[in-house]
Structures are given as structure tokens and as C-alpha cells.
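Let me begin by presenting the structure, written as C-alpha cells, before commenting on it.
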Amino acid sequence: MAIGPEDVFNTPARIEKAAFGLYNALQNAEFLGGRALIYIDQRGNDASVAAYFGQIPTFNLLSNNATVLAAWTGAYRTIFEANYFMANLQANESVIGADAASVYYAEAKFCRALTFYYLVNIYAQTYGYTADASHPGVPLMITAPTSGGDAFDPKWKLPRATVKQVYDQIIQDLTDAAADLPDDWGSAYATRTRATKGAANGLLSRVYLVTGNWPQADAAADRVIASPEGYDLAADPYENFNRPTYETTPEIIFNIAMNTSDNPNTNNAIGQHYSPNGRADISINPDYLELPNFADTDKRKIGDMIVTSGDFVYTGKYAKTTFDSWVPILRHAEVLLNKAEALARINAGVSQEALDIINEIRDRSDAALLPLPASKQALIDLILNERRIELAFEGFGMIDFVRTKRNIPARGAFQPEQDWNDNLTPWPIPFQETQQNTSLGQNPGYD
């Protein structure tokens with residue numbers, strides 16, 4: 001028997017379960033279930049070039065690549081779920097009332113914004129590629145078909161919005177979400193795996209860094225820091241990755257929760273690829289361990305954070321779990337780093353406050369505190385280096401390089417230096433999509 005929206009959105013309890021489905025949609029095995037973060041780091045610098053991912057880490061993709069299509073489809077499936085949920089909730093809002101509905105809309109908008117953020121960063125040039133971000137982004141699907149027949153209407157064959165339009169939508173969604181989401185969900189587990197004000201504002205601080213809006217990045221970070229939820233650095237960085245401690249650490253703001261029942265299988269789980277106890281596809285690029293200010297006594301470089309297996313060294317962030325590793329999305333450490341970078345760029349001189357934030361993060365890891373650099377640019381470079389140390393293997397690699405207009409460094413003989421604005425730095429639009437939707441334009445270099 002077919003079950004329609006009228007059967008799902010007819011009681012408060014069923015609407016709540018439908019809302020939980022938004023997070024199931026985020027677990028899409030081809031996208032934020034783990035793979036999207038891997039793709040970004042495979043095209044970064046600190047992870048090794050993994051043969052399993054073919055041409056992805058070597059910037060030599062073809063538009064008919066099966067992974068390119070699967071990731072695109074997976075992302076838009078998640079976006080569709082958010083849009084479809086909101087459309088049906090709106091049609092049945094009287095079941096729960098406007099106040100309760102506003103929270104569910106906020107959750108859906110957060111999930112949509114999060115997915116669009118990774119999607120536009122994979123398939124389009126970075127925001128600063130053009131002065132006004134008017135270059136092609138991705139189709140901005142913010143409504144959903146209401147029936148199977150409606151899905152075939154030509155109106156759904158959207159052209160690519162500009163990168164600015166995509167980011168404007170992301171910012172609007174997150175701003176709306178931050179206004180209506182709660183600070184917490186009543187339990188440590190739910191507060192770290194379900195959208196909150198802290199999660200929306202934290203993601204806003206990241207988004208504003210990409211767009212170069214330093215004051216807004218600083219302000220969004222401040223809202224997280226001032227949250228009554230009391231986010232803080234964990235006593236040890238490994239607590240954020242050692243299940244079950246990461247279910248309650250004060251540092252995690254939002255992760256995509258996984259368990260052995262909803263794992264995305266051996267070929268897709270983030271833990272499988274990074275763990276020496278799993279597929280062990282992705283080891284650490286030795287250059288990462290030699291980054292400046294990354295001493296051998298740093299907690300991020302010793303103990304459970306680093307695992308040696310045979311001739312290779314692996315990150316310990318996913319070593320003890322394979323199928324059920326939570327996908328890391330947002331930590332308090334990142335929010336602090338976002339604020340530090342914003343302050344460093346805003347300040348006409350050399351910001352002592354920005355340095356103090358960096359030293360707070362370093363002190364947590366027993367890393368030597370750093371003196372104030374002599375110049376503003378030297379401080380910015382120090383902060384970007386600290387981001388690499390702290391956030392490695394969590395989906396920041398390529399994005400942090402290209403948003404700051406830095407070429408992606410070479411990885412030995414496997415991959416030469418990649419220009420941040422090269423035609424082949426973003427992925428191609430899937431060939432199948434450009435054939436089915438003639439309104440889509442392909443990225444230059446993939447024609």
C-alpha cells in the first residue's frame with residue numbers, strides 16, 4: 001500500500017519522525033555520509049594520493065566519471081528531501097502550529113545549506129574566483145516536485161546559479177535557521193547530531209570566511225562562543241574522535257551521526273578509508289607531519305591521534321571505528337580559528353587577540369605557545385598553518401587553499417602543484433546531467 005504525505009504529516013509524532021529523516025538524508029553514502037569530505041581532502045594536500053579514488057586526487061577527471069555523477073546525485077537527493085519535507089509541512093502546518101513548524105523548517109534549511117556548501121565547493125570555482133562571484137555555481141533547487149508527474153516538468157531543469165547566488169541562499173538559510181533553532185535538544189547526543197543555533201552560527205562563520213566578509217565571520221563566531229550551550233575545547237583533541245567520548249565532548253557542535261545500522265558500507269564509510277583497521281586507502285602525506293610549529297610533542301601528532309601501520313602513517317581520527325565513525329562537520333576549535341582569521345584580517349596591525357586564540361588551541365594540545373609575528377601577513381600565515389594542523393582530514397583541504405587563493409602544494413611524484421584557479425580544480429558537471437538538462441553549462445576544460 002502506498003503511503004503519501006497525507007499519511008506522514010497527519011500527527012505531531014509522525015511529523016517529528018519525518019524531521020528525523022532529514023538527518024538520514026544527510027547520511028547519503030555518496031555525499032555527506034563520508035565521501036564529500038574525503039573528496040575535498042583528496043584534492044587538498046595533507047592526505048596521501050589514494051589509488052582507490054582514481055583521478056579525483058590528481059585533478060585529471062572526466063565529466064563521465066561515475067563518482068562525479070554519484071556525488072552530484074547524492075547531494076541533490078539530500079536537498080530534495082529537505083525541500084520536500086518543507087513543502088509537505090507547509091501544507092499540513094495546522095497539525096502542529098506555526099511555532100513548532102518554524103523549528104522544523106529551520107532544521108531543513110540547515111541541512112539544505114550544509115549540503116549546498118559542500119556541493120558548490122566541489123563543482124564550482126571558489127567564491128573569490130571573480131570579483132563579484134558571478135561565475136557559474138550549481139543549480140539552486142529550493143523547491144521540490146509535488147508529485148511523480150510534476151517531477152518531469154521542464155521547469156525543474158534549472159540552469160546553474162552564480163556562486164554568489166548560491167552563497168546568498170546558504171547565508172539566508174543559515175540566518176533563518178539560527179533565529180528559530182534551539183540552543184540544545186535536551187541531551188548531549190541530540191545536541192551534537194541535530195541542528196542548533198550554535199551549528200547554524202558556526203557554519204555561518206565558515207561561510208563568511210569563504211566570501212571574505214570578515215566582520216560577519218567574527219560576529220557569527222562570537223554568537224557561538226557566547227552560546228548558553230557552553231561550547232569549549234575538549235581537554236584532549238582525541239576526545240573529539242574517540243567514541244563514545246565524542247558523543248558528549250563540549251567541543252563538537254555538529255556531526256553527522258552514524259552507527260553500525262546506518263553505515264554507508266565498506267566502500268563509502270569515512271572510517272573505512274582513513275583507518276588502518278579498515279580499507280586503509282588514505283594515509284598521511286609525510287609533509288603534513290613536517291608543518292611549521294608542529295612539534296613531535298604536540299598531542300595532535302602523538303598517541304592515538306597518529307597510527308603507524310607498516311610503512312604508512314594514518315590519522316587516528318577514525319582509527320578505532322570504521323563503519324560507525326561520525327562524520328565531523330563543526331567543532332568549537334574551528335569556530336575559534338574562524339574568529340582568529342577574521343580578526344587578523346580586520347585589524348590594521350597585528351592582532352594580539354587573534355594570536356591569543358591560536359595559543360589557546362595550541363595550549364590544549366601541549367604545543368609551544370607562539371610569539372606575536374612581526375607583520376599582519378605573517379600572523380595570517382600562522383593561522384592558516386594552524387588550521388591545517390588542527391582540521392586535517394576533516395574536509396577542509398582543498399577549500400582552505402583555494403578560498404585564500406593559494407596553489408595546492410605538490411605531493412611528491414604523485415601530483416604536481418595545482419593552481420588554485422585552474423580550470424580543472426573544481427570537478428566537472430556530470431556528463432549525464434548536461435545531456436539531460438541543456439540549461440546546464442559545463443566547467444571550462446571539461447568540454
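So you can find residues: chains in the C-alpha cells are A, B, ... in the order shown, residues in each start at 1, and ligands are numbered from 1 in order.
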
For this session: Tell me which protein, DNA and RNA residues are within 7 Å of region 329-333 of chain A, counting only C-alpha atoms, leaving out same-chain ones fewer than 5 positions away, and put them as an MDAnalysis selection string.
Result: chainID A and resid 231:233 251:255 361

All helix (DSSP H, G or I) positions in region 246-381 of chain A, as a count of residues only
55

Query raised in the report: Which residue out of A:Val120, A:Ala144, A:Ala108, A:Ala378 has the minimum interatomic distance to Asp176 (chain A) when only C-alpha atoms are used?
Result: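 With only C-alpha atoms as the atom set, the closest residue is A:Ala108.
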
Test item: residues at most 8 Å from Ile399 (chain A), only C-alpha atoms, excluding those fewer than 6 positions along its chain, as a compact mmCIF listing (two decimals) with all heavy atoms, in the first residue's frame:
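Output file around_14.txt follows:
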# COMPACT_ATOMS: atom_id res chain seq x y z
N ILE A 40 37.25 16.36 -0.85
CA ILE A 40 37.87 17.67 -0.64
C ILE A 40 39.30 17.50 -0.14
O ILE A 40 40.21 18.22 -0.57
CB ILE A 40 37.03 18.51 0.34
CG1 ILE A 40 35.70 18.90 -0.34
CG2 ILE A 40 37.77 19.75 0.82
CD1 ILE A 40 34.64 19.38 0.62
N GLY A 44 43.23 18.15 -1.62
CA GLY A 44 43.97 19.09 -0.78
C GLY A 44 45.43 18.75 -0.80
O GLY A 44 46.03 18.53 -1.85
N ASN A 121 31.35 24.00 -3.44
CA ASN A 121 32.80 24.00 -3.29
C ASN A 121 33.46 22.87 -4.05
O ASN A 121 34.66 22.93 -4.32
CB ASN A 121 33.18 23.93 -1.81
CG ASN A 121 33.21 25.30 -1.17
OD1 ASN A 121 34.11 26.10 -1.43
ND2 ASN A 121 32.21 25.61 -0.36
N THR A 126 36.01 28.69 -6.51
CA THR A 126 35.77 29.32 -5.22
C THR A 126 35.15 30.71 -5.37
O THR A 126 35.20 31.32 -6.44
CB THR A 126 37.09 29.40 -4.41
OG1 THR A 126 36.79 29.77 -3.06
CG2 THR A 126 38.05 30.41 -5.03

From the list A:Ile302, A:Pro428, A:Asn83, A:Gln27, the nearest residue to Thr146 (chain A) using only C-alpha atoms is A:Asn83

* **For region 113-117 of chain A: contacts at 8 Å, only C-alpha atoms, fewer than 3 positions along chain excluded, given as a ChimeraX atom specification** => /A:26,32,75,78-79,109-110,120-121,166-167,169-171,173-174,203,207

(request) Would you mind listing what lies within 9 Å of region 364-371 of chain A as a PyMOL selection string, with only C-alpha atoms counted and same-chain residues fewer than 6 positions away left out? (result) chain A and resi 233-237+293-295+297-300+355-356+358

All heavy atoms of the current selection, written as a short mmCIF file (atom, residue, chain, number, x, y, z; two decimals), in the first residue's frame:
data_model
loop_
_atom_site.label_atom_id
_atom_site.label_comp_id
_atom_site.auth_asym_id
_atom_site.auth_seq_id
_atom_site.Cartn_x
_atom_site.Cartn_y
_atom_site.Cartn_z
N LEU A 233 36.78 23.85 24.21
CA LEU A 233 37.74 22.87 23.73
C LEU A 233 37.74 21.66 24.66
O LEU A 233 37.68 21.80 25.88
CB LEU A 233 39.14 23.46 23.67
CG LEU A 233 39.36 24.61 22.69
CD1 LEU A 233 40.77 25.16 22.83
CD2 LEU A 233 39.11 24.16 21.25
N ALA A 234 37.78 20.48 24.08
CA ALA A 234 37.94 19.27 24.90
C ALA A 234 39.32 19.29 25.54
O ALA A 234 40.25 19.92 25.03
CB ALA A 234 37.76 18.03 24.03
N ALA A 235 39.45 18.61 26.66
CA ALA A 235 40.73 18.60 27.36
C ALA A 235 41.83 18.00 26.49
O ALA A 235 43.00 18.43 26.57
CB ALA A 235 40.61 17.81 28.66
N ASP A 236 41.49 17.06 25.65
CA ASP A 236 42.44 16.40 24.75
C ASP A 236 41.80 16.35 23.37
O ASP A 236 40.62 16.00 23.25
CB ASP A 236 42.75 15.00 25.26
CG ASP A 236 43.86 14.32 24.48
OD1 ASP A 236 43.67 14.07 23.26
OD2 ASP A 236 44.91 14.03 25.08
N PRO A 237 42.54 16.68 22.31
CA PRO A 237 41.91 16.68 20.97
C PRO A 237 41.33 15.34 20.57
O PRO A 237 40.36 15.28 19.82
CB PRO A 237 43.06 17.10 20.04
CG PRO A 237 44.31 16.86 20.81
CD PRO A 237 43.96 17.07 22.24
N ASN A 293 55.76 24.66 13.24
CA ASN A 293 55.14 24.74 14.58
C ASN A 293 54.40 23.47 14.96
O ASN A 293 53.52 23.51 15.83
CB ASN A 293 54.18 25.95 14.66
CG ASN A 293 54.86 27.25 14.32
OD1 ASN A 293 56.00 27.50 14.73
ND2 ASN A 293 54.18 28.10 13.56
N PHE A 294 54.72 22.36 14.32
CA PHE A 294 54.07 21.09 14.62
C PHE A 294 55.11 20.16 15.24
O PHE A 294 55.68 19.28 14.59
CB PHE A 294 53.49 20.49 13.34
CG PHE A 294 52.43 19.44 13.55
CD1 PHE A 294 51.80 19.26 14.77
CD2 PHE A 294 52.03 18.63 12.49
CE1 PHE A 294 50.81 18.30 14.95
CE2 PHE A 294 51.04 17.67 12.65
CZ PHE A 294 50.44 17.51 13.89
N ALA A 295 55.37 20.37 16.52
CA ALA A 295 56.43 19.65 17.22
C ALA A 295 56.04 18.21 17.49
O ALA A 295 54.86 17.85 17.52
CB ALA A 295 56.76 20.36 18.53
N THR A 297 56.06 16.69 20.15
CA THR A 297 55.37 16.54 21.44
C THR A 297 53.92 17.01 21.40
O THR A 297 53.20 16.88 22.40
CB THR A 297 56.13 17.33 22.51
OG1 THR A 297 56.27 18.69 22.08
CG2 THR A 297 57.52 16.74 22.75
N ASP A 298 53.49 17.56 20.29
CA ASP A 298 52.12 18.05 20.14
C ASP A 298 51.14 16.87 20.23
O ASP A 298 51.33 15.85 19.56
CB ASP A 298 52.00 18.76 18.78
CG ASP A 298 50.73 19.58 18.63
OD1 ASP A 298 49.65 19.08 18.99
OD2 ASP A 298 50.81 20.71 18.10
N LYS A 299 50.10 17.00 21.05
CA LYS A 299 49.13 15.91 21.21
C LYS A 299 48.47 15.51 19.90
O LYS A 299 47.95 14.40 19.76
CB LYS A 299 48.04 16.31 22.21
CG LYS A 299 48.47 16.30 23.66
CD LYS A 299 47.29 16.66 24.56
CE LYS A 299 47.67 16.65 26.03
NZ LYS A 299 46.52 17.04 26.90
N ARG A 300 48.44 16.43 18.93
CA ARG A 300 47.82 16.12 17.65
C ARG A 300 48.72 15.27 16.77
O ARG A 300 48.32 14.85 15.68
CB ARG A 300 47.45 17.43 16.94
CG ARG A 300 46.39 18.24 17.68
CD ARG A 300 46.25 19.65 17.16
NE ARG A 300 47.43 20.46 17.42
CZ ARG A 300 47.51 21.77 17.19
NH1 ARG A 300 46.45 22.41 16.70
NH2 ARG A 300 48.62 22.44 17.45
N LEU A 355 46.18 36.03 17.97
CA LEU A 355 47.25 35.15 18.42
C LEU A 355 46.85 34.42 19.70
O LEU A 355 47.14 33.23 19.86
CB LEU A 355 48.54 35.93 18.64
CG LEU A 355 49.71 35.08 19.14
CD1 LEU A 355 50.20 34.15 18.04
CD2 LEU A 355 50.84 35.95 19.66
N ASP A 356 46.19 35.13 20.61
CA ASP A 356 45.77 34.51 21.87
C ASP A 356 44.85 33.32 21.61
O ASP A 356 44.91 32.31 22.32
CB ASP A 356 45.07 35.53 22.76
CG ASP A 356 46.02 36.60 23.30
OD1 ASP A 356 47.25 36.37 23.25
OD2 ASP A 356 45.53 37.64 23.77
N ILE A 358 44.83 31.41 18.91
CA ILE A 358 45.66 30.32 18.39
C ILE A 358 46.41 29.64 19.53
O ILE A 358 46.50 28.40 19.60
CB ILE A 358 46.64 30.86 17.33
CG1 ILE A 358 45.88 31.41 16.14
CG2 ILE A 358 47.62 29.76 16.89
CD1 ILE A 358 44.93 30.43 15.50
#

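Using only C-alpha atoms, the nearest neighbour of Phe312 (chain A) within the list A:Glu386, A:Glu107, A:Asp41, A:Asp281 is A:Asp281.
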
Item to check | Among the residues A:Asn242, A:Gln415, A:Thr196, A:Thr315, the one that comes closest to Ile389 (chain A) [using only C-alpha atoms] | outcome: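 Of A:Asn242, A:Gln415, A:Thr196, A:Thr315, the one nearest Ile389 (chain A) is A:Thr315, counting only C-alpha atoms.
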
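You will find CA of Val224 (chain A) at 5.1 Å from CA of Gly198 (chain A).
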
Q) Which neighbours of Tyr123 (chain A) fall inside 9 Å, counting only C-alpha atoms, when residues of the same chain fewer than 2 positions from it are skipped, and could you give them as a list of chain:residue names? A)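 In the requested form, the answer reads A:Trp72, A:Tyr118, A:Leu119, A:Val120, A:Asn121, A:Gln125, A:Gly137, A:Val138, A:Thr425, A:Pro426, A:Trp427, A:Pro428, A:Ile429, A:Asn443.
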
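Between Gly271 (chain A) and the residues A:Ile56, A:Ala98, A:Gly33, A:Asn285, the shortest atom-to-atom distance, using only C-alpha atoms, involves A:Gly33.
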
- prompt: Leaving out Arg387 (chain A) and any residue of its chain fewer than 4 positions from it, which residues lie within 12 Å of it when counting only C-alpha atoms, given as a ChimeraX atom specification?
  reply: /A:46,288,291-294,333-341,358,361-362,380-383,391-397,399-401

Export N, CA and C atoms of the chosen residues as a tab-separated table (two decimals), in the first residue's frame?
chain	number	residue	atom	x	y	z
A	46	ASP	N	47.22	17.29	2.55
A	46	ASP	CA	47.75	16.58	3.71
A	46	ASP	C	47.44	15.10	3.73
A	288	TYR	N	52.77	16.65	5.88
A	288	TYR	CA	51.89	17.16	6.94
A	288	TYR	C	52.58	17.12	8.29
A	291	LEU	N	54.93	20.14	9.08
A	291	LEU	CA	54.46	21.52	9.02
A	291	LEU	C	55.13	22.37	10.09
A	292	PRO	N	55.31	23.65	9.84
A	292	PRO	CA	55.90	24.54	10.85
A	292	PRO	C	55.09	24.52	12.14
A	293	ASN	N	55.76	24.66	13.24
A	293	ASN	CA	55.14	24.74	14.58
A	293	ASN	C	54.40	23.47	14.96
A	294	PHE	N	54.72	22.36	14.32
A	294	PHE	CA	54.07	21.09	14.62
A	294	PHE	C	55.11	20.16	15.24
A	333	ALA	N	36.82	24.25	18.00
A	333	ALA	CA	38.16	24.65	17.58
A	333	ALA	C	38.11	25.38	16.24
A	334	GLU	N	37.28	24.88	15.32
A	334	GLU	CA	37.18	25.58	14.03
A	334	GLU	C	36.59	26.97	14.21
A	335	VAL	N	35.56	27.10	15.01
A	335	VAL	CA	34.94	28.41	15.23
A	335	VAL	C	35.98	29.40	15.78
A	336	LEU	N	36.80	28.94	16.71
A	336	LEU	CA	37.86	29.80	17.24
A	336	LEU	C	38.85	30.18	16.14
A	337	LEU	N	39.21	29.23	15.30
A	337	LEU	CA	40.12	29.52	14.19
A	337	LEU	C	39.49	30.49	13.20
A	338	ASN	N	38.19	30.34	12.95
A	338	ASN	CA	37.48	31.27	12.07
A	338	ASN	C	37.56	32.68	12.63
A	339	LYS	N	37.31	32.81	13.93
A	339	LYS	CA	37.37	34.12	14.57
A	339	LYS	C	38.78	34.70	14.51
A	340	ALA	N	39.77	33.87	14.78
A	340	ALA	CA	41.16	34.34	14.75
A	340	ALA	C	41.52	34.88	13.38
A	341	GLU	N	41.14	34.16	12.33
A	341	GLU	CA	41.46	34.63	10.98
A	341	GLU	C	40.73	35.92	10.66
A	358	ILE	N	44.83	31.41	18.91
A	358	ILE	CA	45.66	30.32	18.39
A	358	ILE	C	46.41	29.64	19.53
A	361	ILE	N	44.28	27.19	21.49
A	361	ILE	CA	44.15	25.89	20.83
A	361	ILE	C	45.44	25.09	20.98
A	362	ARG	N	46.56	25.75	20.84
A	362	ARG	CA	47.85	25.06	20.96
A	362	ARG	C	48.09	24.59	22.39
A	380	ILE	N	48.53	35.92	9.60
A	380	ILE	CA	47.55	35.18	8.79
A	380	ILE	C	48.14	33.84	8.36
A	381	ASP	N	49.39	33.86	7.93
A	381	ASP	CA	50.03	32.60	7.52
A	381	ASP	C	50.10	31.62	8.69
A	382	LEU	N	50.39	32.14	9.87
A	382	LEU	CA	50.45	31.29	11.07
A	382	LEU	C	49.09	30.66	11.34
A	383	ILE	N	48.03	31.44	11.20
A	383	ILE	CA	46.67	30.94	11.44
A	383	ILE	C	46.29	29.87	10.42
A	391	LEU	N	42.66	20.88	11.69
A	391	LEU	CA	41.46	20.43	10.96
A	391	LEU	C	41.76	19.42	9.86
A	392	ALA	N	42.97	18.91	9.81
A	392	ALA	CA	43.35	17.96	8.77
A	392	ALA	C	42.42	16.75	8.78
A	393	PHE	N	42.10	16.26	7.58
A	393	PHE	CA	41.31	15.05	7.37
A	393	PHE	C	39.86	15.21	7.81
A	394	GLU	N	39.39	16.48	7.86
A	394	GLU	CA	38.00	16.76	8.20
A	394	GLU	C	37.30	17.56	7.11
A	395	GLY	N	37.83	17.50	5.88
A	395	GLY	CA	37.15	18.11	4.75
A	395	GLY	C	37.42	19.59	4.54
A	396	PHE	N	38.62	20.05	4.88
A	396	PHE	CA	38.97	21.46	4.69
A	396	PHE	C	40.07	21.65	3.65
A	397	GLY	N	40.76	20.58	3.27
A	397	GLY	CA	41.96	20.69	2.47
A	397	GLY	C	41.88	21.61	1.27
A	399	ILE	N	39.37	23.36	0.06
A	399	ILE	CA	38.60	24.59	0.26
A	399	ILE	C	39.46	25.68	0.87
A	400	ASP	N	40.24	25.34	1.90
A	400	ASP	CA	41.06	26.36	2.55
A	400	ASP	C	42.15	26.89	1.64
A	401	PHE	N	42.69	26.06	0.76
A	401	PHE	CA	43.69	26.56	-0.18
A	401	PHE	C	43.08	27.51	-1.19

As a check of understanding: the span from CA of Asp296 (chain A) to CA of Ala354 (chain A) is 24.3 Å

- Item | Those of region 172-360 of chain A in DSSP strand (DSSP E), formatted as a PyMOL selection string | chain A and resi 252-256+306-309+312-315+327-331

For those residues, write all heavy atoms to a file as a short mmCIF file (atom, residue, chain, number, x, y, z; two decimals), in the first residue's frame.
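The resulting file, selection.cif, is shown below:
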data_model
loop_
_atom_site.label_atom_id
_atom_site.label_comp_id
_atom_site.auth_asym_id
_atom_site.auth_seq_id
_atom_site.Cartn_x
_atom_site.Cartn_y
_atom_site.Cartn_z
N ILE A 252 32.39 19.38 20.18
CA ILE A 252 31.61 19.07 18.98
C ILE A 252 30.33 19.89 18.97
O ILE A 252 29.54 19.87 19.91
CB ILE A 252 31.30 17.57 18.90
CG1 ILE A 252 32.59 16.80 18.61
CG2 ILE A 252 30.26 17.29 17.82
CD1 ILE A 252 32.41 15.30 18.54
N ILE A 253 30.13 20.63 17.88
CA ILE A 253 28.93 21.43 17.70
C ILE A 253 27.93 20.70 16.81
O ILE A 253 26.73 20.67 17.11
CB ILE A 253 29.28 22.80 17.10
CG1 ILE A 253 30.22 23.56 18.06
CG2 ILE A 253 28.03 23.63 16.83
CD1 ILE A 253 30.77 24.85 17.50
N PHE A 254 28.41 20.10 15.74
CA PHE A 254 27.52 19.29 14.89
C PHE A 254 28.34 18.27 14.13
O PHE A 254 29.33 18.61 13.49
CB PHE A 254 26.74 20.16 13.90
CG PHE A 254 25.79 19.36 13.04
CD1 PHE A 254 24.58 18.93 13.55
CD2 PHE A 254 26.13 19.01 11.74
CE1 PHE A 254 23.71 18.16 12.78
CE2 PHE A 254 25.27 18.26 10.95
CZ PHE A 254 24.05 17.83 11.47
N ASN A 255 27.92 17.03 14.22
CA ASN A 255 28.46 15.94 13.42
C ASN A 255 27.31 15.17 12.81
O ASN A 255 26.19 15.21 13.33
CB ASN A 255 29.29 14.98 14.27
CG ASN A 255 30.72 15.46 14.49
OD1 ASN A 255 31.09 16.55 14.08
ND2 ASN A 255 31.52 14.64 15.15
N ILE A 256 27.58 14.47 11.74
CA ILE A 256 26.58 13.56 11.17
C ILE A 256 26.79 12.21 11.84
O ILE A 256 27.81 11.56 11.65
CB ILE A 256 26.71 13.46 9.65
CG1 ILE A 256 26.43 14.83 9.01
CG2 ILE A 256 25.75 12.41 9.09
CD1 ILE A 256 26.68 14.89 7.54
N ILE A 306 47.81 9.55 15.94
CA ILE A 306 48.62 9.08 14.83
C ILE A 306 48.81 7.57 14.97
O ILE A 306 49.11 7.07 16.05
CB ILE A 306 50.01 9.76 14.82
CG1 ILE A 306 49.86 11.27 14.61
CG2 ILE A 306 50.92 9.15 13.75
CD1 ILE A 306 49.40 11.67 13.22
N VAL A 307 48.61 6.83 13.89
CA VAL A 307 48.74 5.38 13.91
C VAL A 307 49.70 4.95 12.80
O VAL A 307 49.49 5.28 11.63
CB VAL A 307 47.39 4.68 13.72
CG1 VAL A 307 47.56 3.17 13.75
CG2 VAL A 307 46.39 5.14 14.78
N THR A 308 50.76 4.23 13.17
CA THR A 308 51.70 3.70 12.19
C THR A 308 51.35 2.25 11.90
O THR A 308 51.16 1.44 12.82
CB THR A 308 53.14 3.80 12.71
OG1 THR A 308 53.46 5.17 12.96
CG2 THR A 308 54.13 3.25 11.68
N SER A 309 51.25 1.93 10.63
CA SER A 309 50.94 0.56 10.21
C SER A 309 51.83 0.22 9.02
O SER A 309 51.66 0.79 7.94
CB SER A 309 49.47 0.42 9.85
OG SER A 309 49.17 -0.90 9.45
N PHE A 312 53.33 2.98 6.50
CA PHE A 312 52.47 4.15 6.37
C PHE A 312 52.03 4.67 7.74
O PHE A 312 51.96 3.94 8.72
CB PHE A 312 51.24 3.82 5.52
CG PHE A 312 51.58 3.38 4.12
CD1 PHE A 312 51.65 2.03 3.80
CD2 PHE A 312 51.86 4.31 3.14
CE1 PHE A 312 51.97 1.63 2.52
CE2 PHE A 312 52.19 3.92 1.85
CZ PHE A 312 52.24 2.58 1.53
N VAL A 313 51.72 5.96 7.75
CA VAL A 313 51.22 6.61 8.94
C VAL A 313 49.80 7.09 8.65
O VAL A 313 49.55 7.70 7.60
CB VAL A 313 52.11 7.80 9.36
CG1 VAL A 313 51.55 8.48 10.60
CG2 VAL A 313 53.53 7.33 9.62
N TYR A 314 48.87 6.83 9.56
CA TYR A 314 47.47 7.16 9.36
C TYR A 314 46.99 8.12 10.46
O TYR A 314 47.52 8.14 11.57
CB TYR A 314 46.61 5.90 9.40
CG TYR A 314 46.90 4.94 8.28
CD1 TYR A 314 47.92 3.98 8.42
CD2 TYR A 314 46.17 4.96 7.10
CE1 TYR A 314 48.20 3.09 7.39
CE2 TYR A 314 46.44 4.06 6.07
CZ TYR A 314 47.46 3.14 6.22
OH TYR A 314 47.73 2.26 5.20
N THR A 315 45.97 8.89 10.12
CA THR A 315 45.34 9.70 11.15
C THR A 315 44.58 8.79 12.11
O THR A 315 43.96 7.81 11.70
CB THR A 315 44.39 10.74 10.57
OG1 THR A 315 43.76 11.45 11.64
CG2 THR A 315 43.30 10.12 9.71
N VAL A 327 30.68 11.56 11.04
CA VAL A 327 31.30 12.44 10.05
C VAL A 327 31.47 13.81 10.68
O VAL A 327 30.47 14.45 11.05
CB VAL A 327 30.44 12.52 8.77
CG1 VAL A 327 31.09 13.46 7.77
CG2 VAL A 327 30.26 11.12 8.17
N PRO A 328 32.70 14.29 10.86
CA PRO A 328 32.93 15.56 11.55
C PRO A 328 32.57 16.76 10.68
O PRO A 328 33.08 16.90 9.58
CB PRO A 328 34.43 15.53 11.86
CG PRO A 328 35.01 14.70 10.76
CD PRO A 328 33.96 13.67 10.41
N ILE A 329 31.69 17.60 11.18
CA ILE A 329 31.26 18.77 10.42
C ILE A 329 31.73 20.07 11.09
O ILE A 329 32.32 20.93 10.44
CB ILE A 329 29.73 18.79 10.26
CG1 ILE A 329 29.24 17.55 9.49
CG2 ILE A 329 29.28 20.07 9.54
CD1 ILE A 329 29.76 17.46 8.07
N LEU A 330 31.51 20.22 12.39
CA LEU A 330 31.80 21.51 13.02
C LEU A 330 32.22 21.31 14.47
O LEU A 330 31.49 20.70 15.25
CB LEU A 330 30.55 22.40 12.96
CG LEU A 330 30.68 23.84 13.44
CD1 LEU A 330 31.63 24.63 12.57
CD2 LEU A 330 29.31 24.51 13.47
N ARG A 331 33.41 21.83 14.78
CA ARG A 331 33.92 21.80 16.15
C ARG A 331 34.18 23.22 16.65
O ARG A 331 34.40 24.15 15.85
CB ARG A 331 35.24 21.01 16.22
CG ARG A 331 35.12 19.55 15.96
CD ARG A 331 36.39 18.81 16.36
NE ARG A 331 37.49 18.92 15.42
CZ ARG A 331 38.71 19.37 15.73
NH1 ARG A 331 38.97 19.80 16.95
NH2 ARG A 331 39.65 19.41 14.81
#

Which residue is closest to Ala177 (chain A)? Choose from A:Cys111, A:Ile122, A:Ala133, A:Val95 and count only C-alpha atoms.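 Nearest candidate to Ala177 (chain A) out of A:Cys111, A:Ile122, A:Ala133, A:Val95: A:Cys111.
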
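Atom pair CA of Pro145 (chain A) / CA of Gly34 (chain A) has a distance of 27.4 Å (rounded to one decimal).
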